[in-house]
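Below is the file coords_25.csv, which contains CSV, N, CA and C atoms.
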```csv
chain,number,residue,atom,x,y,z
A,1,MET,N,-53.8,-199.1,-34.2
A,1,MET,CA,-53.5,-200.5,-34.5
A,1,MET,C,-53.2,-200.7,-35.9
A,2,ASN,N,-52.4,-201.7,-36.3
A,2,ASN,CA,-52.2,-202.0,-37.7
A,2,ASN,C,-53.5,-202.5,-38.3
A,3,ALA,N,-53.6,-202.3,-39.6
A,3,ALA,CA,-54.7,-202.7,-40.3
A,3,ALA,C,-55.0,-204.2,-40.1
A,4,GLY,N,-56.3,-204.6,-39.9
A,4,GLY,CA,-56.6,-205.9,-39.7
A,4,GLY,C,-56.5,-206.5,-38.3
A,5,VAL,N,-56.0,-205.7,-37.3
A,5,VAL,CA,-55.9,-206.1,-35.9
A,5,VAL,C,-56.7,-205.2,-35.0
A,6,SER,N,-57.5,-205.8,-34.2
A,6,SER,CA,-58.4,-205.0,-33.3
A,6,SER,C,-58.1,-205.5,-31.9
A,7,ILE,N,-58.4,-204.5,-31.0
A,7,ILE,CA,-58.2,-204.8,-29.5
A,7,ILE,C,-59.1,-206.0,-29.2
A,8,LEU,N,-60.3,-206.0,-29.7
A,8,LEU,CA,-61.3,-207.1,-29.4
A,8,LEU,C,-60.8,-208.4,-29.8
A,9,ASP,N,-60.2,-208.5,-31.0
A,9,ASP,CA,-59.6,-209.8,-31.5
A,9,ASP,C,-58.5,-210.3,-30.5
A,10,VAL,N,-57.7,-209.4,-30.1
A,10,VAL,CA,-56.6,-209.7,-29.2
A,10,VAL,C,-57.1,-210.2,-27.8
A,11,ILE,N,-58.1,-209.5,-27.3
A,11,ILE,CA,-58.7,-209.9,-26.0
A,11,ILE,C,-59.3,-211.3,-26.2
A,12,THR,N,-60.0,-211.5,-27.2
A,12,THR,CA,-60.6,-212.8,-27.5
A,12,THR,C,-59.6,-213.9,-27.5
A,13,ALA,N,-58.5,-213.7,-28.2
A,13,ALA,CA,-57.4,-214.7,-28.3
A,13,ALA,C,-56.8,-214.9,-26.9
A,14,ILE,N,-56.6,-213.8,-26.1
A,14,ILE,CA,-56.1,-213.9,-24.8
A,14,ILE,C,-57.0,-214.7,-23.9
A,15,GLU,N,-58.3,-214.5,-24.0
A,15,GLU,CA,-59.3,-215.3,-23.2
A,15,GLU,C,-59.1,-216.8,-23.5
A,16,LYS,N,-59.0,-217.1,-24.8
A,16,LYS,CA,-58.8,-218.6,-25.1
A,16,LYS,C,-57.5,-219.1,-24.4
A,17,VAL,N,-56.5,-218.4,-24.5
A,17,VAL,CA,-55.2,-218.8,-23.9
A,17,VAL,C,-55.3,-218.9,-22.4
A,18,GLU,N,-55.8,-217.9,-21.8
A,18,GLU,CA,-55.8,-217.8,-20.3
A,18,GLU,C,-56.8,-218.7,-19.6
A,19,SER,N,-58.0,-218.9,-20.2
A,19,SER,CA,-59.0,-219.7,-19.4
A,19,SER,C,-59.8,-220.7,-20.3
A,20,ASN,N,-59.5,-220.7,-21.6
A,20,ASN,CA,-60.3,-221.5,-22.5
A,20,ASN,C,-61.8,-221.0,-22.4
A,21,GLN,N,-61.9,-219.7,-22.2
A,21,GLN,CA,-63.2,-219.0,-22.1
A,21,GLN,C,-64.1,-219.4,-20.9
A,22,ASP,N,-63.4,-219.7,-19.8
A,22,ASP,CA,-64.1,-220.1,-18.6
A,22,ASP,C,-64.1,-218.8,-17.7
A,23,LYS,N,-65.3,-218.2,-17.6
A,23,LYS,CA,-65.4,-216.9,-16.8
A,23,LYS,C,-65.2,-217.1,-15.3
A,24,TYR,N,-65.2,-218.4,-14.9
A,24,TYR,CA,-65.0,-218.7,-13.4
A,24,TYR,C,-63.6,-219.3,-13.2
A,25,ALA,N,-62.7,-219.2,-14.1
A,25,ALA,CA,-61.4,-219.8,-13.9
A,25,ALA,C,-60.7,-219.1,-12.8
A,26,ILE,N,-59.9,-219.8,-12.1
A,26,ILE,CA,-59.1,-219.3,-11.0
A,26,ILE,C,-57.7,-219.9,-11.0
A,27,ASN,N,-56.7,-219.0,-10.9
A,27,ASN,CA,-55.3,-219.5,-10.8
A,27,ASN,C,-54.9,-219.0,-9.4
A,28,GLU,N,-55.0,-220.0,-8.4
A,28,GLU,CA,-54.7,-219.6,-7.0
A,28,GLU,C,-53.3,-219.1,-6.8
A,29,LYS,N,-52.3,-219.7,-7.5
A,29,LYS,CA,-50.9,-219.3,-7.3
A,29,LYS,C,-50.7,-217.8,-7.6
A,30,GLU,N,-51.4,-217.3,-8.7
A,30,GLU,CA,-51.2,-215.9,-9.0
A,30,GLU,C,-52.4,-215.0,-8.6
A,31,ASN,N,-53.4,-215.6,-7.9
A,31,ASN,CA,-54.6,-214.9,-7.6
A,31,ASN,C,-55.2,-214.3,-8.8
A,32,ALA,N,-55.2,-215.0,-9.9
A,32,ALA,CA,-55.8,-214.5,-11.2
A,32,ALA,C,-57.2,-215.1,-11.3
A,33,LEU,N,-58.1,-214.3,-11.7
A,33,LEU,CA,-59.5,-214.7,-11.8
A,33,LEU,C,-60.2,-214.4,-13.1
A,34,GLY,N,-61.2,-215.2,-13.4
A,34,GLY,CA,-62.0,-215.0,-14.6
A,34,GLY,C,-61.5,-215.4,-15.9
A,35,CYS,N,-62.2,-215.0,-16.9
A,35,CYS,CA,-61.9,-215.5,-18.3
A,35,CYS,C,-60.6,-214.9,-18.8
A,36,LEU,N,-60.1,-213.8,-18.3
A,36,LEU,CA,-58.8,-213.2,-18.8
A,36,LEU,C,-57.7,-213.4,-17.7
A,37,GLN,N,-58.1,-214.1,-16.6
A,37,GLN,CA,-57.1,-214.3,-15.6
A,37,GLN,C,-56.5,-213.0,-15.1
A,38,ILE,N,-57.3,-212.2,-14.6
A,38,ILE,CA,-56.9,-210.8,-14.2
A,38,ILE,C,-56.4,-210.9,-12.7
A,39,ARG,N,-55.2,-210.4,-12.5
A,39,ARG,CA,-54.6,-210.4,-11.2
A,39,ARG,C,-55.0,-209.1,-10.5
A,40,PRO,N,-54.8,-209.0,-9.2
A,40,PRO,CA,-55.2,-207.8,-8.4
A,40,PRO,C,-54.4,-206.6,-8.9
A,41,ILE,N,-53.1,-206.7,-9.4
A,41,ILE,CA,-52.4,-205.6,-9.9
A,41,ILE,C,-53.0,-205.0,-11.1
A,42,MET,N,-53.6,-205.8,-11.9
A,42,MET,CA,-54.3,-205.3,-13.1
A,42,MET,C,-55.5,-204.5,-12.8
A,43,VAL,N,-56.3,-204.9,-11.8
A,43,VAL,CA,-57.4,-204.2,-11.3
A,43,VAL,C,-57.0,-202.9,-10.7
A,44,LYS,N,-55.9,-202.9,-9.9
A,44,LYS,CA,-55.3,-201.7,-9.3
A,44,LYS,C,-54.9,-200.7,-10.4
A,45,ASP,N,-54.3,-201.2,-11.5
A,45,ASP,CA,-53.9,-200.4,-12.6
A,45,ASP,C,-55.1,-199.8,-13.3
A,46,TYR,N,-56.1,-200.6,-13.5
A,46,TYR,CA,-57.4,-200.1,-14.1
A,46,TYR,C,-58.0,-199.0,-13.2
A,47,ASN,N,-58.1,-199.2,-11.9
A,47,ASN,CA,-58.6,-198.2,-11.0
A,47,ASN,C,-57.8,-197.0,-11.0
A,48,ARG,N,-56.5,-197.1,-11.1
A,48,ARG,CA,-55.6,-195.9,-11.2
A,48,ARG,C,-55.9,-195.1,-12.5
A,49,ILE,N,-56.1,-195.8,-13.6
A,49,ILE,CA,-56.3,-195.2,-14.9
A,49,ILE,C,-57.7,-194.5,-14.9
A,50,THR,N,-58.7,-195.2,-14.4
A,50,THR,CA,-60.1,-194.7,-14.5
A,50,THR,C,-60.6,-193.9,-13.3
A,51,GLY,N,-59.9,-194.0,-12.2
A,51,GLY,CA,-60.4,-193.3,-11.0
A,51,GLY,C,-61.5,-194.1,-10.3
A,52,GLU,N,-61.8,-195.3,-10.8
A,52,GLU,CA,-62.8,-196.2,-10.2
A,52,GLU,C,-62.2,-196.9,-9.0
A,53,ASP,N,-63.1,-197.6,-8.3
A,53,ASP,CA,-62.7,-198.4,-7.2
A,53,ASP,C,-63.3,-199.8,-7.3
A,54,LEU,N,-63.0,-200.5,-8.4
A,54,LEU,CA,-63.5,-201.8,-8.8
A,54,LEU,C,-62.9,-202.8,-7.9
A,55,PRO,N,-63.7,-203.7,-7.3
A,55,PRO,CA,-63.1,-204.8,-6.6
A,55,PRO,C,-62.6,-205.9,-7.5
A,56,HIS,N,-61.6,-206.7,-7.1
A,56,HIS,CA,-61.0,-207.8,-7.9
A,56,HIS,C,-62.1,-208.8,-8.3
A,57,GLU,N,-63.0,-209.1,-7.5
A,57,GLU,CA,-64.0,-210.1,-7.8
A,57,GLU,C,-64.9,-209.7,-9.0
A,58,ALA,N,-64.9,-208.4,-9.3
A,58,ALA,CA,-65.8,-208.0,-10.5
A,58,ALA,C,-65.3,-208.6,-11.8
A,59,VAL,N,-64.1,-209.1,-11.8
A,59,VAL,CA,-63.6,-209.6,-13.1
A,59,VAL,C,-64.2,-210.9,-13.5
A,60,TYR,N,-65.0,-211.5,-12.6
A,60,TYR,CA,-65.7,-212.7,-13.0
A,60,TYR,C,-66.8,-212.4,-14.1
A,61,ASN,N,-67.2,-211.2,-14.1
A,61,ASN,CA,-68.1,-210.7,-15.2
A,61,ASN,C,-67.3,-210.5,-16.4
A,62,ARG,N,-67.7,-211.3,-17.5
A,62,ARG,CA,-66.9,-211.2,-18.7
A,62,ARG,C,-66.9,-209.8,-19.3
A,63,SER,N,-68.0,-209.1,-19.3
A,63,SER,CA,-68.0,-207.8,-19.9
A,63,SER,C,-67.1,-206.8,-19.1
A,64,THR,N,-67.1,-207.0,-17.8
A,64,THR,CA,-66.2,-206.2,-17.0
A,64,THR,C,-64.7,-206.5,-17.3
A,65,ALA,N,-64.4,-207.8,-17.4
A,65,ALA,CA,-63.0,-208.2,-17.7
A,65,ALA,C,-62.6,-207.6,-19.1
A,66,TYR,N,-63.5,-207.6,-20.1
A,66,TYR,CA,-63.1,-207.1,-21.4
A,66,TYR,C,-62.9,-205.5,-21.3
A,67,ILE,N,-63.7,-204.9,-20.5
A,67,ILE,CA,-63.6,-203.4,-20.3
A,67,ILE,C,-62.2,-203.1,-19.7
A,68,ILE,N,-61.9,-203.9,-18.6
A,68,ILE,CA,-60.6,-203.7,-18.0
A,68,ILE,C,-59.5,-203.9,-19.0
A,69,ALA,N,-59.5,-205.0,-19.8
A,69,ALA,CA,-58.4,-205.2,-20.7
A,69,ALA,C,-58.4,-204.1,-21.8
A,70,HIS,N,-59.5,-203.7,-22.3
A,70,HIS,CA,-59.6,-202.6,-23.3
A,70,HIS,C,-59.0,-201.3,-22.8
A,71,THR,N,-59.4,-201.0,-21.5
A,71,THR,CA,-58.9,-199.8,-20.9
A,71,THR,C,-57.4,-199.8,-20.7
A,72,ILE,N,-56.9,-200.9,-20.2
A,72,ILE,CA,-55.4,-201.0,-20.0
A,72,ILE,C,-54.7,-200.9,-21.4
A,73,PHE,N,-55.2,-201.6,-22.4
A,73,PHE,CA,-54.5,-201.6,-23.7
A,73,PHE,C,-54.6,-200.2,-24.3
A,74,SER,N,-55.7,-199.5,-24.2
A,74,SER,CA,-55.8,-198.2,-24.7
A,74,SER,C,-54.9,-197.2,-24.0
A,75,HIS,N,-54.7,-197.4,-22.7
A,75,HIS,CA,-53.8,-196.5,-22.0
A,75,HIS,C,-52.4,-196.7,-22.4
A,76,TYR,N,-51.9,-197.9,-22.5
A,76,TYR,CA,-50.5,-198.2,-22.8
A,76,TYR,C,-50.2,-198.0,-24.3
A,77,MET,N,-51.2,-198.2,-25.1
A,77,MET,CA,-51.0,-198.0,-26.6
A,77,MET,C,-50.6,-196.6,-26.9
A,78,LYS,N,-50.9,-195.6,-26.1
A,78,LYS,CA,-50.6,-194.2,-26.4
A,78,LYS,C,-49.1,-194.0,-26.6
A,79,GLY,N,-48.3,-194.8,-26.0
A,79,GLY,CA,-46.9,-194.6,-26.1
A,79,GLY,C,-46.2,-195.4,-27.2
A,80,ILE,N,-47.1,-196.1,-28.0
A,80,ILE,CA,-46.5,-197.0,-29.0
A,80,ILE,C,-46.9,-196.5,-30.4
A,81,GLU,N,-45.9,-196.4,-31.2
A,81,GLU,CA,-46.1,-196.0,-32.6
A,81,GLU,C,-46.4,-197.3,-33.4
A,82,ASN,N,-47.6,-197.3,-34.1
A,82,ASN,CA,-48.0,-198.5,-34.8
A,82,ASN,C,-48.2,-199.8,-34.0
A,83,PRO,N,-49.0,-199.7,-32.9
A,83,PRO,CA,-49.2,-200.9,-32.1
A,83,PRO,C,-49.7,-202.1,-32.8
A,84,THR,N,-49.3,-203.3,-32.4
A,84,THR,CA,-49.7,-204.5,-33.0
A,84,THR,C,-50.3,-205.4,-31.9
A,85,ALA,N,-50.8,-206.6,-32.4
A,85,ALA,CA,-51.3,-207.6,-31.5
A,85,ALA,C,-50.2,-208.1,-30.5
A,86,LYS,N,-49.0,-208.2,-31.0
A,86,LYS,CA,-47.9,-208.6,-30.2
A,86,LYS,C,-47.6,-207.7,-29.1
A,87,HIS,N,-47.7,-206.4,-29.4
A,87,HIS,CA,-47.6,-205.4,-28.3
A,87,HIS,C,-48.6,-205.6,-27.2
A,88,LEU,N,-49.8,-205.8,-27.6
A,88,LEU,CA,-50.9,-206.0,-26.6
A,88,LEU,C,-50.7,-207.2,-25.8
A,89,ALA,N,-50.4,-208.3,-26.5
A,89,ALA,CA,-50.1,-209.6,-25.7
A,89,ALA,C,-49.0,-209.4,-24.7
A,90,SER,N,-48.0,-208.7,-25.1
A,90,SER,CA,-46.8,-208.5,-24.2
A,90,SER,C,-47.3,-207.6,-23.0
A,91,ILE,N,-48.1,-206.6,-23.2
A,91,ILE,CA,-48.6,-205.8,-22.1
A,91,ILE,C,-49.4,-206.7,-21.2
A,92,TRP,N,-50.2,-207.5,-21.7
A,92,TRP,CA,-51.1,-208.4,-20.9
A,92,TRP,C,-50.3,-209.3,-20.0
A,93,ASN,N,-49.3,-209.9,-20.6
A,93,ASN,CA,-48.5,-210.9,-19.9
A,93,ASN,C,-47.4,-210.4,-19.1
A,94,GLY,N,-46.8,-209.2,-19.5
A,94,GLY,CA,-45.6,-208.7,-18.9
A,94,GLY,C,-45.7,-207.3,-18.2
A,95,GLY,N,-46.9,-206.7,-18.3
A,95,GLY,CA,-47.1,-205.4,-17.7
A,95,GLY,C,-47.0,-204.3,-18.7
A,96,GLY,N,-47.4,-203.1,-18.2
A,96,GLY,CA,-47.5,-201.9,-19.1
A,96,GLY,C,-46.4,-201.6,-19.9
A,97,SER,N,-45.2,-201.8,-19.5
A,97,SER,CA,-44.0,-201.4,-20.3
A,97,SER,C,-43.4,-202.6,-21.1
A,98,ALA,N,-44.1,-203.7,-21.0
A,98,ALA,CA,-43.5,-204.9,-21.7
A,98,ALA,C,-43.6,-204.8,-23.2
A,99,TRP,N,-44.4,-203.9,-23.7
A,99,TRP,CA,-44.4,-203.6,-25.2
A,99,TRP,C,-43.0,-203.3,-25.7
A,100,ARG,N,-42.1,-202.7,-24.9
A,100,ARG,CA,-40.8,-202.3,-25.3
A,100,ARG,C,-40.0,-203.5,-25.7
A,101,TYR,N,-40.3,-204.7,-25.2
A,101,TYR,CA,-39.6,-205.9,-25.7
A,101,TYR,C,-39.8,-206.2,-27.1
A,102,VAL,N,-41.0,-205.8,-27.6
A,102,VAL,CA,-41.3,-206.0,-29.0
A,102,VAL,C,-40.5,-205.0,-29.9
A,103,ASN,N,-40.3,-203.8,-29.5
A,103,ASN,CA,-39.7,-202.8,-30.3
A,103,ASN,C,-38.2,-202.8,-30.2
A,104,ASP,N,-37.6,-203.3,-29.1
A,104,ASP,CA,-36.1,-203.3,-28.9
A,104,ASP,C,-35.6,-204.6,-28.5
A,105,PRO,N,-34.8,-205.3,-29.4
A,105,PRO,CA,-34.3,-206.6,-29.1
A,105,PRO,C,-33.3,-206.6,-27.9
A,106,ASN,N,-32.8,-205.5,-27.5
A,106,ASN,CA,-31.9,-205.4,-26.4
A,106,ASN,C,-32.5,-204.9,-25.1
A,107,TYR,N,-33.8,-204.7,-25.1
A,107,TYR,CA,-34.5,-204.2,-23.9
A,107,TYR,C,-34.7,-205.3,-22.9
A,108,GLY,N,-34.5,-205.0,-21.6
A,108,GLY,CA,-34.9,-205.8,-20.5
A,108,GLY,C,-34.1,-207.0,-20.3
A,109,TYR,N,-34.8,-208.0,-19.8
A,109,TYR,CA,-34.2,-209.3,-19.3
A,109,TYR,C,-34.4,-210.4,-20.3
A,110,PRO,N,-33.4,-211.2,-20.6
A,110,PRO,CA,-33.6,-212.3,-21.6
A,110,PRO,C,-34.6,-213.3,-21.1
A,111,GLU,N,-34.7,-213.6,-19.8
A,111,GLU,CA,-35.7,-214.5,-19.3
A,111,GLU,C,-37.1,-214.1,-19.6
A,112,LYS,N,-37.3,-212.8,-19.4
A,112,LYS,CA,-38.6,-212.2,-19.6
A,112,LYS,C,-39.0,-212.2,-21.1
A,113,ARG,N,-38.0,-211.9,-21.9
A,113,ARG,CA,-38.2,-211.9,-23.3
A,113,ARG,C,-38.6,-213.2,-23.8
A,114,LYS,N,-38.0,-214.3,-23.3
A,114,LYS,CA,-38.3,-215.6,-23.7
A,114,LYS,C,-39.7,-216.0,-23.3
A,115,ARG,N,-40.1,-215.6,-22.1
A,115,ARG,CA,-41.5,-215.9,-21.6
A,115,ARG,C,-42.5,-215.1,-22.4
A,116,LEU,N,-42.2,-213.9,-22.8
A,116,LEU,CA,-43.1,-213.1,-23.6
A,116,LEU,C,-43.3,-213.7,-25.0
A,117,GLU,N,-42.2,-214.1,-25.5
A,117,GLU,CA,-42.2,-214.7,-26.9
A,117,GLU,C,-43.1,-216.0,-26.9
A,118,ALA,N,-42.9,-216.8,-25.8
A,118,ALA,CA,-43.7,-218.0,-25.7
A,118,ALA,C,-45.2,-217.7,-25.5
A,119,TYR,N,-45.5,-216.7,-24.8
A,119,TYR,CA,-46.9,-216.3,-24.6
A,119,TYR,C,-47.5,-215.8,-25.9
A,120,TRP,N,-46.7,-215.0,-26.7
A,120,TRP,CA,-47.1,-214.5,-28.0
A,120,TRP,C,-47.5,-215.6,-28.9
A,121,VAL,N,-46.7,-216.6,-29.0
A,121,VAL,CA,-46.9,-217.8,-29.8
A,121,VAL,C,-48.3,-218.4,-29.5
A,122,LYS,N,-48.6,-218.5,-28.2
A,122,LYS,CA,-49.9,-219.1,-27.8
A,122,LYS,C,-51.1,-218.2,-28.3
A,123,VAL,N,-50.9,-216.8,-28.1
A,123,VAL,CA,-52.0,-215.9,-28.4
A,123,VAL,C,-52.1,-215.8,-29.9
A,124,GLU,N,-51.0,-215.8,-30.6
A,124,GLU,CA,-51.1,-215.7,-32.1
A,124,GLU,C,-51.8,-217.0,-32.7
A,125,LEU,N,-51.7,-218.1,-32.1
A,125,LEU,CA,-52.3,-219.3,-32.6
A,125,LEU,C,-53.7,-219.5,-32.1
A,126,ALA,N,-54.1,-218.7,-31.1
A,126,ALA,CA,-55.5,-218.9,-30.6
A,126,ALA,C,-56.6,-218.5,-31.5
```

Would you mind writing the structure in this file as structure tokens?
Amino acid sequence: MNAGVSILDVITAIEKVESNQDKYAINEKENALGCLQIRPIMVKDYNRITGEDLPHEAVYNRSTAYIIAHTIFSHYMKGIENPTAKHLASIWNGGGSAWRYVNDPNYGYPEKRKRLEAYWVKVELA
């Protein structure tokens, strides 16, 4: 990470944006649960990375949610030279390869780029 940026700081900002720090938050439309609004696909990714078999409901535990986020970030940061908070926010909102939107202005879909930029503004201000 760049100097002055920590994974914990980014996770804390994401928690404020996603749930206003409500560990029981639910977004029924996306089946996103807990303080970080973790969707089933994120738990599946975490389980793939770690070899665990964590159930989706475990994300209501704030510590578990933070471990999931930290594990996912650490995994995807391996492919990023000089990762930043913006890279991590993009991964959280757009999936494991979404960090490429930060590095390459021509990567991907313009609609997704716009959504990721809007999300980054929220996280940066949190």

Report the distance between atom N of His56 of chain A and atom CA of Val43 of chain A in Å, rounded to one decimal place.
6.4 Å

Near segment 78-94 of chain A, counting only N, CA and C atoms, which residues have an atom at most 6.5 Å away, once you skip same-chain residues fewer than 2 positions from it, shown as a ChimeraX atom specification?
/A:1-2,5,10,73-76,96-99,102,116,120

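Across the model, the gap from atom C of Cys35 of chain A to atom N of Lys23 of chain A is 5.9 Å.
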
Residues of segment 41-113 of chain A in helix (DSSP H, G or I), written as a VMD selection string:
chain A and resid 41 to 50 56 to 60 62 to 77 85 to 94 100 to 103 110 to 113

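In this comparison, which uses only C-alpha atoms, the residue of A:Lys114, A:Glu28, A:Lys44, A:Glu57 approaching Tyr101 of chain A most closely is A:Lys114.
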
Any idea what the distance is between atom CA of Asp45 of chain A and atom CA of Thr71 of chain A?
9.7 Å

Run DSSP on the backbone and give me the residues of chain A it puts in strand (DSSP E or B), as a CSV table (one decimal) with N, CA and C atoms, keeping the file's coordinate frame.
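So the final result, stored in states.csv, reads:
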```csv
chain,number,residue,atom,x,y,z
A,26,ILE,N,-59.9,-219.8,-12.1
A,26,ILE,CA,-59.1,-219.3,-11.0
A,26,ILE,C,-57.7,-219.9,-11.0
A,27,ASN,N,-56.7,-219.0,-10.9
A,27,ASN,CA,-55.3,-219.5,-10.8
A,27,ASN,C,-54.9,-219.0,-9.4
A,32,ALA,N,-55.2,-215.0,-9.9
A,32,ALA,CA,-55.8,-214.5,-11.2
A,32,ALA,C,-57.2,-215.1,-11.3
A,33,LEU,N,-58.1,-214.3,-11.7
A,33,LEU,CA,-59.5,-214.7,-11.8
A,33,LEU,C,-60.2,-214.4,-13.1
A,38,ILE,N,-57.3,-212.2,-14.6
A,38,ILE,CA,-56.9,-210.8,-14.2
A,38,ILE,C,-56.4,-210.9,-12.7
```
